[in-house]
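Working notes, structure below.
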Amino acid sequence: MSAAALLVVVENFHIILADQLQGVPAPGEGLLELLQDDQLFAVLATSVAAASDDDHDFLPEEYASIILSPLSLTECRDLWRALTKDNVPAERIRPIQILTGGSPRLIHILADFMNTRSLRDLMDNLNFLIDQNTEYFKSQLDALPAVERKVFAALLEIWDPTSAKQVAEVARVNTNIASAMLARLTDRGSVIKEQGPGRSSIYFAAERLFNIYYLMRRRSHPSSRVKALVTFMVEFYSSEELVNTTASLAKEACDLDPSRRGDYHSTFDAILSKTSGSVRDQILKSAPSEFILSFRQETREFRLSGGTGEHSVKSNSDGRLNELIDRIEAAADDGDIDAARGLILEAIELDDSVTELWIRLAFVETELGNHTSAVEAAHRAITMSPNDLWSHTVLGLALRASDREDEAIAAYRAVLAIAPGHEPALVEAAAIAESRGDKALALELYENADTAGTLSDLSTVLYAQLLARVKNSAMAEQLLRRSASEFENDLTRRSLISFLHAHDRFDEAKQWLENFTENEARWEAFADLGRYLLTQTQNGPAARDALRTAIDMGADKSFVFSTLAHAMIEADHSEDEVSAVILEMLAKFPDQASSWIHAGRVYEAMDDEAEAEAAYRSAMQREDGKRGRLSLARFLDGRLDRVHEVEKLLRDAVDAERGRAKCTPMRDLAEHLIHRGDDEAANIVLDAAILANDRCSCCHVLRGDLCRRTGQVQSAEVQYREALSIDGDDVGALTGLAHVVGKTEAAQLIAKALKSDSADPRAVLASLKWSDLEQSDRLESAKRLTDEYPGFLEAILFAAGLEAQVGDLDSAIGRLEGALSELPTQKDAIPMFVKSAMTVVGAGGGQKVSDLLASHHNRSAVEPLVVAIGLARGEAPLVAKEVLEVARDILSRSAHVN
């Protein structure tokens, strides 16, 4: 070799060579052939592939292989003695060898811990080591196929050398699949296979650092990070040494803010779980009281409730405080936020040094709309615990509710700087950034969490949706696929299937679910498959079989039974067979309101109204009755003889929320009042709904519809645009806004509505209204829409107008007759009915319309229309002045009528 050569340093040389040697390179162009020129190159390479003679047949003779084997037990003992000056017996070295995998670098880090007894230094050293290799480890994991990655992750989590059967249990796959995947990983060099007891084989990661990376970066809870260390400590130390070392760790923890003691608390908890008797008692006695208090707090701490979350902790320093916090939790569970607030204030008066009480107060003040008080409470929590993630998170929530978005983002970013994947802060900060048009910031926040390996199930879905909105569908799909195979990520899985379905890749979506079901072999997987087959492919028999399998495997959710019942209806089973499934569900879940609600919906699908109503009333007797009340109201809505009962049910549902910012009951009540024609009362309800929760897009859409119908076009536009600022894909807002803007923007809005949900009848109808299709084609499309949605009055009346324009007056009159029967319970449709009827009159059907109105029992609902037709004929009817003015307005808007 010449004195000067280019040194080529390569990691994972076996992978590069495998890719290079898949084909035969041209003479002089092969990678090895080029590198063989030792006048130019020297090569230093690493590989984790097995080093058999066959593996190296392709290597030139000049290449020397140096096998870096893990240290043997004797070598581990020698290194340990050199580092710690402790001449421990060989049997006590075995836990060190297991923990480190015989890695000299990890033994050095562990020896430092033994010398200093500092958990903080140990975690810092491990974090530094992992940070140096995160990109490598992450890329290696992400590059694996889904099932292979799942099996490898299970092996990493187990830590110790283990059998394929044990890996299969953790990965939730069958043993054959686990064995096949482990064999592939062994071929890749990622896993080492050795002879186990008897004829069995055992497997472990080739690089122990891979285990540590997985537990510290992919399993972010502190208990995952310390479990191997605790196992080592319990096995290595004598009882006295374990007590002293644990006490030392507890004392070190007291130098930190309680919010930063997570690793210490988890280590202490794990040690207690592995000890008993006098050793456990001595550990508890030796730990400082300050540490014991924070430990007991954190082990009962983070409980999220509802959409915003509830930071829950109990202090054991005062029995009265414990009692108050029990009552706070009970009030929050009952939805009595005012009572919870009063109890929190009482608890703070008793002890204002508990951070979590101020966090709770900030939550409830935000929920009640007391934004200034919420911000003050959050700042108090931060002052007390400046590194507590939830203190900053609740401040962000309060600031956003106060429309102080710049400050809210700053609060959230303070959280994300510590924990990039903290879901509430990440989701809220990204939503604010995108609402302000800063998609780059939103993407950056999600990307940081993804790089750190801390994206949650929900965050993954939202990140993918954002990527799709910025026209990066390929990356969105890659992200969803990477996460969807993890069984716990059901939101990601459903999002992936929806993504494939939206791109007309139906067979691929079905195949993916079938493969997932085969790999998982759990009832949840079969339930997902059955639901997809029923709702997306309308394959009742196949859905029935998958759902029955889920039940036979022990499904413990009522929706599986109800979905099976709907699948059986689709597959033309008898009513008795379907009812048997419902009774099976009710026998299994007799006390769940959801099971009775599911039963009611199935009975509705079977047209058994008496059983449906009975089921909904039974739901009202379960739990707090709120869901049953809403379900019964929706079932009865539209029946003229039950309108007052419906209103009472809805008002009771609103009252039951006791001031919570829940829009659903108020929205339903407002909608009911609008259908009854009581716009004034509906406006009052909508005012209250928007005041309680101005982030509810549906209430803004309802207000926009109301304004548009009464001619307040500018106010309607404001409401629709406000709704779109909250949810840019809201079909109601998009189609509503299309009615009050120019033609160019309207076309863009309708296109977006169709893209958002091409099956939504509102989007389809809007596209027909603005389409350039021939009249006959528009009519055929409108007919199909009314066939598919027979209760969609707006589509029915639109079709009636088209039929009149092509001369089919009898069909138009038939549609008007059906619509007229519905007007008493949908009075908001009266303007549309009038417009459609006048179109029929203008097409020469005046007499037919008059005859219909004269004979129909709902004639009084459209009395001004009757008068308008009479005025058009030259009549001078004797009616109230108000009716006459409305009739003249109808005529002026229908200039084509004569």
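Each chain of the structure tokens is named A, B, ... in the order shown, its residues numbered from 1; ligands are numbered from 1 in display order.
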| Nearby residues (only C-alpha atoms) at most 12 Å from A:Ile409, same-chain spacing under 5 positions excluded, as a PyMOL selection string | chain A and resi 392-400+403-404+414-417+424-434+436+438+441-442+445
Please identify all polymer residues within 9 Å of A:Arg94, counting only C-alpha atoms, omitting same-chain residues fewer than 6 positions from it, and present them as a CSV table (one decimal) with C-alpha atoms, in the first residue's frame.
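Resulting contents of result22.csv:
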chain,number,residue,atom,x,y,z
A,73,LEU,CA,-18.1,-14.2,31.9
A,76,CYS,CA,-16.6,-9.4,32.2
A,77,ARG,CA,-15.2,-10.2,35.6
A,236,PHE,CA,-26.5,-8.4,42.0
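Distance annotation: of A:Leu586, A:Val43, A:Ile830, A:Ile813, the residue with the minimal separation from A:Lys848 is A:Ile813; atom set is only C-alpha atoms.
With atom CA of A:His739 on one side and atom CA of A:Asn693 on the other, the separation reads 25.9 Å.
Among the candidates A:Asp351, A:Asp457, A:Glu803, A:Asp406, the residue lying nearest to A:Ala837 is A:Glu803 (atoms considered: only C-alpha atoms).
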| task | Go ahead and compute the interatomic distance for atom CA of A:Gly196 and atom CA of A:Gln166, in Å to one decimal. | result | 12.9 Å
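Residue neighbourhood of A:Cys254, excluding near-sequence residues (fewer than 5 positions): Leu249, Arg261, Pro288, Glu290 and Phe291 of chain A, at 9 Å, using only C-alpha atoms.
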| task | Run DSSP on the backbone and give me the residues of stretch 424-665 of chain A it puts in alpha helix (DSSP H), as number ranges by chain. | result | A: 424-435, 439-451, 457-469, 473-484, 490-502, 506-520, 523-535, 540-552, 558-570, 575-588, 593-605, 609-620, 626-636, 643-656, 663-665
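Residue neighbourhood of A:Arg380, excluding near-sequence residues (fewer than 4 positions): Ile348, Asp352, Ser353, Val354, Thr355, Glu356, Leu357, Trp358, Ile359, Arg360, Leu361, Ala362, Ser373, Ala374, Val375, Glu376, Met384, Ser385, Pro386, Asp388, Ser391, His392, Val394 and Leu395 of chain A, at 12 Å, using only C-alpha atoms.
Residues with any atom within 8 Å of A:Arg667, counting only C-alpha atoms and excluding same-chain neighbours fewer than 2 positions away, are Cys663, Thr664, Pro665, Leu669, Ala670, Glu671, Val685, Leu686, Ala689, Cys698 and Cys699 of chain A.
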Residue contacts of A:Glu717 (7 Å, only C-alpha atoms) excluding same-chain residues fewer than 2 positions away, as a short mmCIF file (atom, residue, chain, number, x, y, z; two decimals) with C-alpha atoms, in the first residue's frame:
data_model
loop_
_atom_site.label_atom_id
_atom_site.label_comp_id
_atom_site.auth_asym_id
_atom_site.auth_seq_id
_atom_site.Cartn_x
_atom_site.Cartn_y
_atom_site.Cartn_z
CA GLY A 704 -75.04 30.36 9.23
CA VAL A 713 -76.25 36.92 3.76
CA GLN A 714 -73.26 38.73 5.25
CA SER A 715 -73.88 37.30 8.73
CA GLN A 719 -70.55 32.14 10.46
CA TYR A 720 -69.56 29.74 7.67
CA ARG A 721 -66.04 31.15 7.51
CA LEU A 737 -70.76 29.25 2.11
CA VAL A 740 -73.52 33.19 -0.44
#
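Note that atom CA of A:Val243 and atom CA of A:Ser278 are 10.3 Å apart.
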| field | Minimum-distance residue to A:Leu865, chosen among A:Ala347, A:Val841, A:Ile158, A:Ile177 (using only C-alpha atoms) | value | A:Val841
